[in-house]
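The file final19.txt contains compact mmCIF, C-alpha atoms:
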```
# COMPACT_ATOMS: atom_id res chain seq x y z
CA MET Y 1 -4.47 48.17 41.37
CA ILE Y 2 -2.13 48.02 38.35
CA ILE Y 3 0.36 46.19 40.58
CA GLU Y 4 -2.31 43.58 41.37
CA TRP Y 5 -3.05 43.09 37.68
CA LEU Y 6 0.53 42.81 36.53
CA PRO Y 7 1.21 39.11 37.31
CA ALA Y 8 -1.87 37.99 35.33
CA LEU Y 9 -1.15 40.39 32.47
CA ALA Y 10 2.53 39.39 32.38
CA SER Y 11 1.69 35.69 32.13
CA GLY Y 12 -0.79 36.55 29.36
CA LEU Y 13 1.90 38.49 27.53
CA LEU Y 14 4.25 35.55 27.84
CA LEU Y 15 1.63 33.31 26.21
CA SER Y 16 1.10 35.86 23.42
CA LEU Y 17 4.85 35.94 22.75
CA GLN Y 18 4.96 32.15 22.83
CA ILE Y 19 2.17 31.87 20.22
CA ALA Y 20 3.85 34.47 17.99
CA GLY Y 21 7.20 32.67 18.36
CA MET Y 22 5.68 29.30 17.44
CA ALA Y 23 3.87 30.82 14.45
CA LEU Y 24 7.12 32.32 13.14
CA LEU Y 25 9.23 29.25 13.90
CA ILE Y 26 6.88 27.01 11.92
CA GLY Y 27 5.48 29.56 9.49
CA VAL Y 28 8.68 31.04 8.05
CA PRO Y 29 10.30 27.70 7.02
CA LEU Y 30 6.91 26.64 5.63
CA GLY Y 31 6.83 29.97 3.79
CA LEU Y 32 10.20 29.12 2.23
CA VAL Y 33 8.74 25.81 1.05
CA PHE Y 34 5.72 27.63 -0.45
CA ALA Y 35 8.03 30.17 -2.08
CA SER Y 36 10.03 27.46 -3.81
CA LEU Y 37 6.84 25.70 -4.93
CA VAL Y 38 5.53 28.99 -6.37
CA MET Y 39 8.79 29.26 -8.35
CA SER Y 40 8.67 25.58 -9.40
CA ARG Y 41 9.50 24.45 -12.93
CA TRP Y 42 6.25 22.46 -13.14
CA LYS Y 43 3.22 24.51 -14.00
CA ALA Y 44 0.73 22.38 -12.05
CA VAL Y 45 2.80 22.69 -8.85
CA ARG Y 46 3.18 26.41 -9.43
CA ILE Y 47 -0.55 27.01 -9.89
CA ALA Y 48 -1.50 24.86 -6.89
CA ALA Y 49 1.02 26.71 -4.70
CA ILE Y 50 -0.17 30.14 -5.86
CA ILE Y 51 -3.77 29.20 -5.04
CA VAL Y 52 -2.83 28.04 -1.52
CA VAL Y 53 -0.77 31.20 -0.88
CA GLU Y 54 -3.47 33.53 -2.20
CA ILE Y 55 -6.14 31.87 -0.05
CA GLY Y 56 -3.85 32.18 2.97
CA ARG Y 57 -3.25 35.86 2.28
CA GLY Y 58 -6.79 36.66 1.24
CA ALA Y 59 -8.69 35.18 4.18
CA PRO Y 60 -8.65 37.30 7.37
CA ALA Y 61 -6.47 35.79 10.14
CA LEU Y 62 -9.56 35.77 12.36
CA VAL Y 63 -11.40 33.55 9.87
CA VAL Y 64 -8.47 31.11 9.63
CA LEU Y 65 -8.24 31.01 13.44
CA GLN Y 66 -11.93 30.26 13.93
CA LEU Y 67 -11.96 27.87 10.99
CA VAL Y 68 -9.31 25.76 12.73
CA TYR Y 69 -10.96 25.92 16.17
CA TYR Y 70 -14.69 25.91 15.41
CA GLY Y 71 -14.68 24.54 11.84
CA LEU Y 72 -12.29 21.58 11.77
CA PRO Y 73 -14.12 19.59 14.51
CA SER Y 74 -17.01 19.12 12.06
CA ALA Y 75 -14.48 17.34 9.80
CA GLY Y 76 -13.37 15.20 12.75
CA ILE Y 77 -10.17 17.13 13.54
CA THR Y 78 -10.17 18.70 17.00
CA PHE Y 79 -7.38 20.88 18.39
CA ASP Y 80 -7.38 22.55 21.78
CA SER Y 81 -7.48 26.35 21.70
CA MET Y 82 -3.72 26.90 22.15
CA THR Y 83 -2.86 24.44 19.37
CA SER Y 84 -5.50 25.99 17.09
CA ALA Y 85 -3.94 29.40 17.67
CA TRP Y 86 -0.44 28.46 16.58
CA VAL Y 87 -1.59 26.18 13.76
CA ALA Y 88 -3.76 28.96 12.29
CA LEU Y 89 -1.21 31.74 12.75
CA SER Y 90 1.56 29.50 11.30
CA LEU Y 91 -0.51 29.03 8.14
CA THR Y 92 -1.13 32.77 7.84
CA THR Y 93 2.57 33.41 8.48
CA ALA Y 94 3.58 30.88 5.81
CA ALA Y 95 1.30 32.46 3.20
CA PHE Y 96 2.53 36.01 3.84
CA THR Y 97 6.23 35.24 4.33
CA SER Y 98 6.33 33.07 1.19
CA GLU Y 99 5.68 36.20 -0.88
CA ILE Y 100 8.28 38.21 1.08
CA LEU Y 101 10.86 35.44 0.62
CA ARG Y 102 10.01 34.99 -3.06
CA ALA Y 103 10.52 38.71 -3.69
CA GLY Y 104 13.87 38.49 -1.86
CA ILE Y 105 14.98 35.41 -3.81
CA GLN Y 106 13.97 36.93 -7.15
CA SER Y 107 15.84 40.15 -6.36
CA VAL Y 108 19.15 38.25 -6.38
CA HIS Y 109 20.70 38.74 -9.80
CA VAL Y 110 20.37 35.70 -12.07
CA GLY Y 111 24.11 35.91 -12.79
CA GLN Y 112 24.79 34.72 -9.24
CA PRO Y 113 23.30 31.22 -9.55
CA GLU Y 114 24.74 31.07 -13.09
CA ALA Y 115 28.21 31.82 -11.78
CA ALA Y 116 27.72 29.30 -8.98
CA HIS Y 117 26.70 26.70 -11.56
CA ALA Y 118 29.79 27.47 -13.64
CA LEU Y 119 31.91 26.97 -10.51
CA GLY Y 120 30.41 23.51 -10.05
CA PHE Y 121 27.87 24.21 -7.29
CA THR Y 122 24.84 21.94 -7.34
CA ALA Y 123 21.49 23.74 -7.70
CA LEU Y 124 20.73 23.08 -4.02
CA ASP Y 125 24.13 24.32 -2.81
CA SER Y 126 23.91 27.44 -4.95
CA PHE Y 127 20.43 28.19 -3.58
CA TRP Y 128 21.43 27.51 0.02
CA PHE Y 129 24.88 29.16 0.13
CA ILE Y 130 24.72 31.85 -2.59
CA VAL Y 131 21.14 32.97 -3.27
CA LEU Y 132 19.42 32.56 0.10
CA PRO Y 133 21.91 34.57 2.23
CA GLN Y 134 21.59 37.52 -0.18
CA ALA Y 135 17.81 37.11 -0.41
CA MET Y 136 17.54 37.17 3.39
CA ARG Y 137 19.20 40.60 3.49
CA ILE Y 138 16.44 41.96 1.26
CA ALA Y 139 13.71 40.03 3.06
CA LEU Y 140 14.76 40.77 6.64
CA PRO Y 141 13.03 44.16 7.16
CA PRO Y 142 9.63 43.07 5.77
CA LEU Y 143 9.93 39.76 7.68
CA LEU Y 144 10.45 41.64 10.95
CA GLY Y 145 7.59 43.97 10.03
CA PHE Y 146 5.41 40.92 9.55
CA ALA Y 147 6.57 39.53 12.91
CA ILE Y 148 5.08 42.64 14.56
CA GLN Y 149 1.80 42.01 12.72
CA ILE Y 150 1.65 38.37 13.82
CA PHE Y 151 2.45 39.34 17.44
CA GLN Y 152 -0.50 41.74 17.34
CA ALA Y 153 -2.64 39.08 15.67
CA THR Y 154 -2.16 36.79 18.69
CA SER Y 155 -4.75 39.05 20.38
CA LEU Y 156 -7.35 37.45 18.07
CA ALA Y 157 -6.79 34.17 19.94
CA PHE Y 158 -8.99 35.81 22.57
CA THR Y 159 -11.97 34.74 20.44
CA ILE Y 160 -11.07 31.05 20.82
CA ALA Y 161 -10.49 31.29 24.58
CA VAL Y 162 -6.69 31.23 24.71
CA PRO Y 163 -5.72 32.93 28.01
CA GLU Y 164 -3.33 35.37 26.30
CA LEU Y 165 -2.80 39.04 27.17
CA LEU Y 166 -6.10 40.41 25.90
CA SER Y 167 -8.15 37.61 27.53
CA ARG Y 168 -6.47 38.34 30.86
CA ALA Y 169 -7.19 42.06 30.51
CA TYR Y 170 -10.79 41.42 29.53
CA SER Y 171 -11.48 39.12 32.45
CA ILE Y 172 -9.91 41.58 34.90
CA GLY Y 173 -12.05 44.29 33.29
CA SER Y 174 -15.26 42.31 33.62
CA SER Y 175 -14.67 41.50 37.30
CA SER Y 176 -13.46 44.98 38.33
CA PHE Y 177 -15.41 47.08 35.81
CA ARG Y 178 -12.21 49.03 35.22
CA TYR Y 179 -12.15 48.23 31.51
CA LEU Y 180 -10.47 51.43 30.40
CA GLU Y 181 -7.55 51.20 32.83
CA VAL Y 182 -6.79 47.50 32.35
CA LEU Y 183 -7.20 47.66 28.56
CA ALA Y 184 -4.88 50.68 28.45
CA VAL Y 185 -2.23 48.75 30.41
CA ALA Y 186 -2.62 45.75 28.09
CA GLY Y 187 -2.40 48.04 25.06
CA LEU Y 188 0.81 49.56 26.37
CA LEU Y 189 2.27 46.09 26.91
CA TYR Y 190 1.60 45.28 23.24
CA ALA Y 191 3.03 48.67 22.25
CA VAL Y 192 6.31 48.35 24.20
CA ILE Y 193 7.06 45.23 22.17
CA SER Y 194 5.77 46.35 18.76
CA ILE Y 195 7.01 49.94 18.62
CA PRO Y 196 10.75 49.36 19.29
CA ILE Y 197 10.80 46.53 16.72
CA GLY Y 198 9.14 48.96 14.30
CA TRP Y 199 11.88 51.53 14.88
CA PHE Y 200 14.52 48.84 14.42
CA VAL Y 201 12.91 47.80 11.10
CA ALA Y 202 12.93 51.41 9.88
CA ARG Y 203 16.63 51.78 10.75
CA LEU Y 204 17.48 48.45 9.15
CA GLU Y 205 15.65 49.45 5.96
CA LYS Y 206 17.63 52.66 5.79
CA ARG Y 207 20.93 50.88 6.33
CA LEU Y 208 20.28 48.06 3.87
CA SER Y 209 19.12 50.44 1.15
CA ALA Y 210 21.89 53.01 1.75
CA HIS Y 211 23.65 51.97 -1.47
CA LEU Y 212 20.52 52.82 -3.48
CA ALA Y 213 20.46 56.48 -2.48
CA MET J 1 -26.96 27.06 0.44
CA ASP J 2 -28.96 28.54 3.34
CA GLY J 3 -25.74 29.08 5.23
CA PHE J 4 -24.19 30.81 2.23
CA LEU J 5 -27.13 33.23 1.98
CA ALA J 6 -27.10 33.86 5.73
CA ILE J 7 -23.42 34.82 5.53
CA LEU J 8 -23.98 37.03 2.48
CA VAL J 9 -26.35 39.13 4.60
CA GLY J 10 -23.25 40.42 6.41
CA VAL J 11 -21.57 41.71 3.26
CA PRO J 12 -23.17 45.19 3.16
CA LEU J 13 -22.19 45.90 6.79
CA THR J 14 -18.63 44.67 6.18
CA LEU J 15 -18.34 46.93 3.14
CA TYR J 16 -19.93 49.85 5.00
CA ILE J 17 -17.48 49.58 7.92
CA ALA J 18 -14.45 49.11 5.68
CA ALA J 19 -15.42 51.98 3.35
CA SER J 20 -16.32 54.46 6.13
CA SER J 21 -13.18 53.78 8.13
CA PHE J 22 -11.06 54.01 4.97
CA LEU J 23 -12.62 57.40 4.19
CA ILE J 24 -12.02 58.67 7.74
CA GLY J 25 -8.46 57.40 7.55
CA ALA J 26 -7.74 58.98 4.16
CA VAL J 27 -8.91 62.39 5.42
CA VAL J 28 -7.44 62.34 8.95
CA ALA J 29 -4.09 61.13 7.55
CA VAL J 30 -3.61 64.50 5.78
CA PRO J 31 -3.18 66.66 8.93
CA LEU J 32 -1.17 63.78 10.46
CA VAL J 33 1.34 63.70 7.61
CA LEU J 34 1.61 67.52 7.64
CA ALA J 35 2.40 67.34 11.36
CA LEU J 36 4.93 64.53 10.75
CA ARG J 37 6.73 66.83 8.30
CA SER J 38 6.36 69.93 10.46
CA LYS J 39 9.36 72.04 11.47
CA VAL J 40 7.94 72.34 15.00
CA THR J 41 9.74 69.58 16.89
CA VAL J 42 7.15 69.24 19.68
CA LEU J 43 4.31 68.75 17.20
CA ARG J 44 6.34 66.24 15.18
CA VAL J 45 7.30 64.19 18.23
CA ILE J 46 3.74 64.11 19.61
CA VAL J 47 2.19 63.04 16.31
CA ARG J 48 4.96 60.49 15.69
CA GLY J 49 4.15 59.01 19.11
CA LEU J 50 0.45 58.98 18.32
CA VAL J 51 0.94 57.26 14.95
CA ASP J 52 3.29 54.66 16.47
CA LEU J 53 0.85 54.00 19.31
CA LEU J 54 -2.09 53.57 16.92
CA ARG J 55 -0.06 51.07 14.91
CA GLY J 56 1.62 49.41 17.89
CA VAL J 57 -1.53 48.31 19.72
CA PRO J 58 -3.65 45.50 18.19
CA ILE J 59 -6.90 46.54 16.50
CA VAL J 60 -9.04 44.41 18.79
CA VAL J 61 -7.58 46.20 21.83
CA TRP J 62 -8.54 49.59 20.35
CA LEU J 63 -12.05 48.37 19.62
CA PHE J 64 -12.40 47.06 23.20
CA ILE J 65 -11.17 50.37 24.61
CA LEU J 66 -13.73 52.30 22.55
CA TYR J 67 -16.56 49.87 23.15
CA TYR J 68 -16.09 48.85 26.79
CA GLY J 69 -13.72 51.51 28.08
CA ILE J 70 -15.28 54.79 26.97
CA SER J 71 -18.29 56.10 28.83
CA ILE J 72 -18.61 59.85 29.21
CA GLY J 73 -21.75 60.69 31.15
CA THR J 74 -24.45 58.70 29.38
CA PHE J 75 -22.48 58.52 26.14
CA ARG J 76 -21.34 55.09 24.98
CA PHE J 77 -20.26 54.01 21.51
CA ASP J 78 -22.59 51.51 19.86
CA SER J 79 -20.70 48.62 18.31
CA VAL J 80 -20.82 49.85 14.68
CA SER J 81 -19.60 53.35 15.60
CA ALA J 82 -16.85 51.93 17.81
CA ALA J 83 -15.69 49.77 14.88
CA ILE J 84 -15.75 52.64 12.37
CA VAL J 85 -14.02 55.13 14.69
CA GLY J 86 -11.40 52.59 15.82
CA LEU J 87 -10.59 51.26 12.36
CA GLY J 88 -10.73 54.84 10.99
CA LEU J 89 -8.07 56.10 13.42
CA ILE J 90 -5.83 53.09 12.79
CA ALA J 91 -6.29 53.61 9.03
CA ALA J 92 -5.29 57.28 9.47
CA ALA J 93 -2.02 56.22 11.13
CA TYR J 94 -1.17 53.71 8.39
CA LEU J 95 -2.21 56.01 5.54
CA ALA J 96 -0.16 58.89 7.04
CA GLU J 97 2.88 56.63 6.59
CA VAL J 98 1.81 55.83 3.02
CA TYR J 99 1.43 59.54 2.22
CA ARG J 100 4.75 60.33 3.86
CA GLY J 101 6.55 57.77 1.69
CA ALA J 102 4.80 59.11 -1.41
CA ILE J 103 5.83 62.69 -0.65
CA LEU J 104 9.44 61.57 -0.11
CA SER J 105 9.40 59.78 -3.49
CA ILE J 106 8.91 63.08 -5.35
CA PRO J 107 12.41 64.24 -6.36
CA GLU J 108 13.94 67.05 -4.27
CA GLY J 109 14.57 69.00 -7.48
CA GLN J 110 10.87 69.81 -7.79
CA TRP J 111 10.90 71.68 -4.48
CA GLU J 112 14.01 73.55 -5.59
CA ALA J 113 12.62 74.38 -9.03
CA SER J 114 9.34 75.67 -7.55
CA ASN J 115 11.28 77.75 -5.07
CA ALA J 116 13.35 79.22 -7.91
CA LEU J 117 10.12 80.06 -9.76
CA GLY J 118 8.88 81.99 -6.72
CA PHE J 119 6.34 79.46 -5.34
CA SER J 120 5.87 79.61 -1.57
CA ARG J 121 6.37 76.39 0.43
CA VAL J 122 2.60 76.01 0.88
CA SER J 123 1.74 76.45 -2.79
CA THR J 124 4.63 74.20 -3.85
CA PHE J 125 3.23 71.49 -1.63
CA SER J 126 -0.44 71.87 -2.55
CA LEU J 127 -0.06 72.60 -6.28
CA ILE J 128 3.03 70.64 -7.28
CA ILE J 129 4.04 67.96 -4.79
CA ALA J 130 0.70 66.76 -3.39
CA PRO J 131 -1.02 66.00 -6.75
CA GLN J 132 1.93 63.82 -7.80
CA ALA J 133 2.32 62.23 -4.37
CA LEU J 134 -1.35 61.28 -4.40
CA ARG J 135 -0.81 59.28 -7.58
CA VAL J 136 2.18 57.50 -6.05
CA ALA J 137 0.17 56.78 -2.88
CA LEU J 138 -2.91 55.38 -4.66
CA PRO J 139 -1.69 51.78 -5.26
CA SER J 140 -0.38 51.35 -1.69
CA ALA J 141 -3.52 52.99 -0.30
CA THR J 142 -5.63 50.50 -2.25
CA THR J 143 -3.54 47.59 -0.94
CA PHE J 144 -4.11 48.96 2.55
CA GLY J 145 -7.83 49.09 1.73
CA ILE J 146 -7.74 45.32 1.16
CA ALA J 147 -6.07 44.81 4.54
CA LEU J 148 -8.70 47.05 6.14
CA LEU J 149 -11.51 45.05 4.53
CA LYS J 150 -10.10 41.90 6.14
CA ASP J 151 -9.46 43.65 9.46
CA SER J 152 -13.08 44.79 9.59
CA SER J 153 -13.78 41.14 10.52
CA ILE J 154 -12.44 42.02 13.99
CA ALA J 155 -15.59 44.12 14.55
CA SER J 156 -17.40 40.78 15.07
CA VAL J 157 -15.67 40.59 18.46
CA ILE J 158 -17.65 43.60 19.76
CA GLY J 159 -20.89 42.24 18.30
CA VAL J 160 -21.12 43.91 14.89
CA THR J 161 -23.27 41.59 12.74
CA GLU J 162 -20.88 41.52 9.78
CA ILE J 163 -19.62 38.49 7.84
CA VAL J 164 -17.66 36.72 10.60
CA PHE J 165 -20.32 37.34 13.25
CA LEU J 166 -22.96 35.70 11.05
CA THR J 167 -20.54 32.89 10.16
CA GLN J 168 -20.08 32.13 13.86
CA ALA J 169 -23.82 32.04 14.37
CA GLU J 170 -24.28 29.72 11.37
CA ALA J 171 -21.39 27.49 12.44
CA ARG J 172 -23.01 27.06 15.86
CA SER J 173 -26.42 26.10 14.50
CA ASN J 174 -25.18 24.21 11.46
CA GLN J 175 -23.81 20.67 11.16
CA SER J 176 -20.76 21.75 9.20
CA GLY J 177 -18.90 24.66 10.76
CA LEU J 178 -15.99 24.00 8.43
CA GLU J 179 -18.14 24.65 5.38
CA MET J 180 -19.38 27.95 6.84
CA TYR J 181 -15.87 29.23 7.53
CA ILE J 182 -14.69 28.21 4.06
CA ILE J 183 -17.61 30.18 2.63
CA ALA J 184 -16.60 33.20 4.74
CA ALA J 185 -13.00 32.95 3.49
CA VAL J 186 -14.19 32.73 -0.12
CA VAL J 187 -16.45 35.77 0.36
CA TYR J 188 -13.53 37.86 1.67
CA ILE J 189 -11.29 36.74 -1.18
CA ALA J 190 -14.03 37.53 -3.71
CA LEU J 191 -14.46 41.00 -2.19
CA SER J 192 -10.73 41.77 -2.20
CA PHE J 193 -10.14 40.45 -5.72
CA PRO J 194 -11.44 43.53 -7.60
CA LEU J 195 -9.50 45.78 -5.20
CA GLY J 196 -6.33 43.81 -5.98
CA LEU J 197 -6.88 44.32 -9.71
CA LEU J 198 -7.53 48.03 -9.11
CA SER J 199 -4.30 48.35 -7.12
CA ARG J 200 -2.29 46.69 -9.89
CA TRP J 201 -3.93 48.88 -12.56
CA LEU J 202 -3.32 52.07 -10.56
CA ASP J 203 0.28 51.03 -10.06
CA ALA J 204 0.83 50.64 -13.79
CA ARG J 205 -1.16 53.74 -14.70
CA PHE J 206 -0.04 56.30 -12.10
CA ARG J 207 2.99 55.39 -10.04
CA LYS J 208 5.23 54.51 -12.93
CA ALA J 209 4.06 57.60 -14.84
CA VAL J 210 5.19 59.85 -11.98
CA VAL J 211 8.30 58.26 -10.54
CA ALA J 212 9.95 56.09 -13.17
```
Go ahead and express the file in the form of structure tokens.
Amino acid sequence: MIIEWLPALASGLLLSLQIAGMALLIGVPLGLVFASLVMSRWKAVRIAAIIVVEIGRGAPALVVLQLVYYGLPSAGITFDSMTSAWVALSLTTAAFTSEILRAGIQSVHVGQPEAAHALGFTALDSFWFIVLPQAMRIALPPLLGFAIQIFQATSLAFTIAVPELLSRAYSIGSSSFRYLEVLAVAGLLYAVISIPIGWFVARLEKRLSAHLA
Amino acid sequence: MDGFLAILVGVPLTLYIAASSFLIGAVVAVPLVLALRSKVTVLRVIVRGLVDLLRGVPIVVWLFILYYGISIGTFRFDSVSAAIVGLGLIAAAYLAEVYRGAILSIPEGQWEASNALGFSRVSTFSLIIAPQALRVALPSATTFGIALLKDSSIASVIGVTEIVFLTQAEARSNQSGLEMYIIAAVVYIALSFPLGLLSRWLDARFRKAVVA
């Protein structure tokens, strides 16, 4: 029976991975934009950016997801379920990764951009070529850790009728009444992606912080 | 206004689920972290696998397994128990990692000094290491509590009538679904705000006093 289920579950998993990939591809660059706004010289910009980020981090991903799918139509904006899923998860990703990236950027010693300035780098070049590469080293483990979280969060798209992995498992369960078996298989499919990335993150953390020990 | 009040009705259940599962997690995490630090390889490997599995499978999948998948004789979980048990076990796995990090942050020299003073391994751990580790763990545990509060929203999927469940119902019957979901978001942020302040205060008060 597991063999019969596998094609449906595999195509669900593919959709889950696709949603997570989209959310990261859009969310992380957007997070970088938020991070730079939070560190802006202008107070009004800074405060506005902090408010947006804190709302994005404070509201449960499930609420953001349903807000986009069930809430926005009442304001005249209608997305299909797949679009709602990646729009909502991109926003959540941007809010969370902006704080990770900000911490990474601020951990780069202030002498670095100062030295770059003295060498004639423009502010943008010094940020792009000097600060950001070093910041990314610090930010990489927590970013990957967050990627696992967002991959797991794609299962919430079940509630807005995206035919991802959990939806597939649930519909097989409700037609065969073998909920436990099919949910266990789906759970394992999530786990075989999440757990190895988790191990990799732990190893990376150890290696990148080796000089601190 | 009516919608706002209807959503507020879900707050006690949200808090109840979050608090109960946090409590279960905080207690169950203790034997888990002891097993993770055990010298018995088999025990360590099994518990490591269990913790990774709990964290590697999405919460909603665990809740579905408990709610739809488990039926032993006539026993079935009702939706609130399934939510509390599921979130409690997941919390235990995450908090075991928090405790483990806290224990590792206590300098090795304390173990050595206690050993030199004739403390056994067990009394060193329970009298010297654990009280300090608990203080280090408190801020991260509180931050995890905020995450758990937000994750309790997932219980709506198995029919628990907490904040998001009631928001859905309001959004369906109301003209402005958007407004209802914004209210729900604001309620969650308002509930996590005091926890965030607590976490920051604990961090300043305890962690720095122990480690720095």
Near chain Y, meaning an atom within 6 Å, which residues of chain J appear when counting all atoms listed in the file? Write them as a PDB file with C-alpha atoms, in the frame of the given file.
```pdb
ATOM      1  CA  GLY J  56       1.620  49.410  17.890  1.00  0.00           C
ATOM      2  CA  VAL J  57      -1.530  48.310  19.720  1.00  0.00           C
ATOM      3  CA  PRO J  58      -3.650  45.500  18.190  1.00  0.00           C
ATOM      4  CA  ILE J  65     -11.170  50.370  24.610  1.00  0.00           C
ATOM      5  CA  GLY J  69     -13.720  51.510  28.080  1.00  0.00           C
ATOM      6  CA  LYS J 150     -10.100  41.900   6.140  1.00  0.00           C
ATOM      7  CA  SER J 176     -20.760  21.750   9.200  1.00  0.00           C
ATOM      8  CA  GLY J 177     -18.900  24.660  10.760  1.00  0.00           C
ATOM      9  CA  LEU J 178     -15.990  24.000   8.430  1.00  0.00           C
ATOM     10  CA  TYR J 181     -15.870  29.230   7.530  1.00  0.00           C
ATOM     11  CA  ALA J 185     -13.000  32.950   3.490  1.00  0.00           C
ATOM     12  CA  ILE J 189     -11.290  36.740  -1.180  1.00  0.00           C
TER      13      ILE J 189
END
```
For this session: Quote the spacing between atom CA of Ile2 of chain Y and atom CA of Val45 of chain J in Å to one decimal place.
Result: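 According to the coordinates, atom CA of Ile2 of chain Y and atom CA of Val45 of chain J are separated by 27.5 Å.
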For this session: Just the residues within 12 Å of Val136 of chain J, please, counting all atoms listed in the file, with nothing from its chain fewer than 3 positions along; format it as a count of residues only.
Result: 30
Exercise. For Ile50 of chain Y, which of Y:Ser16, Y:Thr83, Y:Leu132, Y:Phe96 is the closest residue, counting only C-alpha atoms?
Worked result: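 Closest to Ile50 of chain Y of all the choices is Y:Phe96.
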So that I can check the surroundings of Ala82 of chain J, please list as a PDB file with C-alpha atoms, keeping the file's coordinate frame every protein, DNA and RNA residue that reaches within 7 Å of it, counting only C-alpha atoms and ignoring chain neighbours fewer than 6 positions away.
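Contents of around-v6.pdb, as written:
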```pdb
ATOM      1  CA  LEU J  63     -12.050  48.370  19.620  1.00  0.00           C
ATOM      2  CA  LEU J  66     -13.730  52.300  22.550  1.00  0.00           C
ATOM      3  CA  TYR J  67     -16.560  49.870  23.150  1.00  0.00           C
TER       4      TYR J  67
END
```
Just add N, CA and C atoms to segment 92-103 of chain Y and send it as a PDB file, in the coordinates of the input.
```
ATOM      1  N   THR Y  92      -1.098  31.386   8.314  1.00  0.00           N
ATOM      2  CA  THR Y  92      -1.130  32.770   7.840  1.00  0.00           C
ATOM      3  C   THR Y  92       0.298  33.284   7.621  1.00  0.00           C
ATOM      4  N   THR Y  93       1.169  32.991   8.589  1.00  0.00           N
ATOM      5  CA  THR Y  93       2.570  33.410   8.480  1.00  0.00           C
ATOM      6  C   THR Y  93       3.198  32.823   7.216  1.00  0.00           C
ATOM      7  N   ALA Y  94       2.978  31.533   6.973  1.00  0.00           N
ATOM      8  CA  ALA Y  94       3.580  30.880   5.810  1.00  0.00           C
ATOM      9  C   ALA Y  94       3.122  31.551   4.524  1.00  0.00           C
ATOM     10  N   ALA Y  95       1.824  31.857   4.430  1.00  0.00           N
ATOM     11  CA  ALA Y  95       1.300  32.460   3.200  1.00  0.00           C
ATOM     12  C   ALA Y  95       1.930  33.838   2.964  1.00  0.00           C
ATOM     13  N   PHE Y  96       1.998  34.654   4.013  1.00  0.00           N
ATOM     14  CA  PHE Y  96       2.530  36.010   3.840  1.00  0.00           C
ATOM     15  C   PHE Y  96       4.048  35.990   3.630  1.00  0.00           C
ATOM     16  N   THR Y  97       4.776  35.197   4.448  1.00  0.00           N
ATOM     17  CA  THR Y  97       6.230  35.240   4.330  1.00  0.00           C
ATOM     18  C   THR Y  97       6.701  34.593   3.028  1.00  0.00           C
ATOM     19  N   SER Y  98       5.898  33.684   2.447  1.00  0.00           N
ATOM     20  CA  SER Y  98       6.330  33.070   1.190  1.00  0.00           C
ATOM     21  C   SER Y  98       6.475  34.150   0.114  1.00  0.00           C
ATOM     22  N   GLU Y  99       5.584  35.134   0.114  1.00  0.00           N
ATOM     23  CA  GLU Y  99       5.680  36.200  -0.880  1.00  0.00           C
ATOM     24  C   GLU Y  99       6.866  37.120  -0.585  1.00  0.00           C
ATOM     25  N   ILE Y 100       7.118  37.389   0.707  1.00  0.00           N
ATOM     26  CA  ILE Y 100       8.280  38.210   1.080  1.00  0.00           C
ATOM     27  C   ILE Y 100       9.570  37.523   0.653  1.00  0.00           C
ATOM     28  N   LEU Y 101       9.642  36.193   0.946  1.00  0.00           N
ATOM     29  CA  LEU Y 101      10.860  35.440   0.620  1.00  0.00           C
ATOM     30  C   LEU Y 101      11.038  35.317  -0.886  1.00  0.00           C
ATOM     31  N   ARG Y 102       9.925  35.110  -1.602  1.00  0.00           N
ATOM     32  CA  ARG Y 102      10.010  34.990  -3.060  1.00  0.00           C
ATOM     33  C   ARG Y 102      10.557  36.287  -3.657  1.00  0.00           C
ATOM     34  N   ALA Y 103      10.032  37.426  -3.185  1.00  0.00           N
ATOM     35  CA  ALA Y 103      10.520  38.710  -3.690  1.00  0.00           C
ATOM     36  C   ALA Y 103      12.012  38.846  -3.407  1.00  0.00           C
TER      37      ALA Y 103
END
```
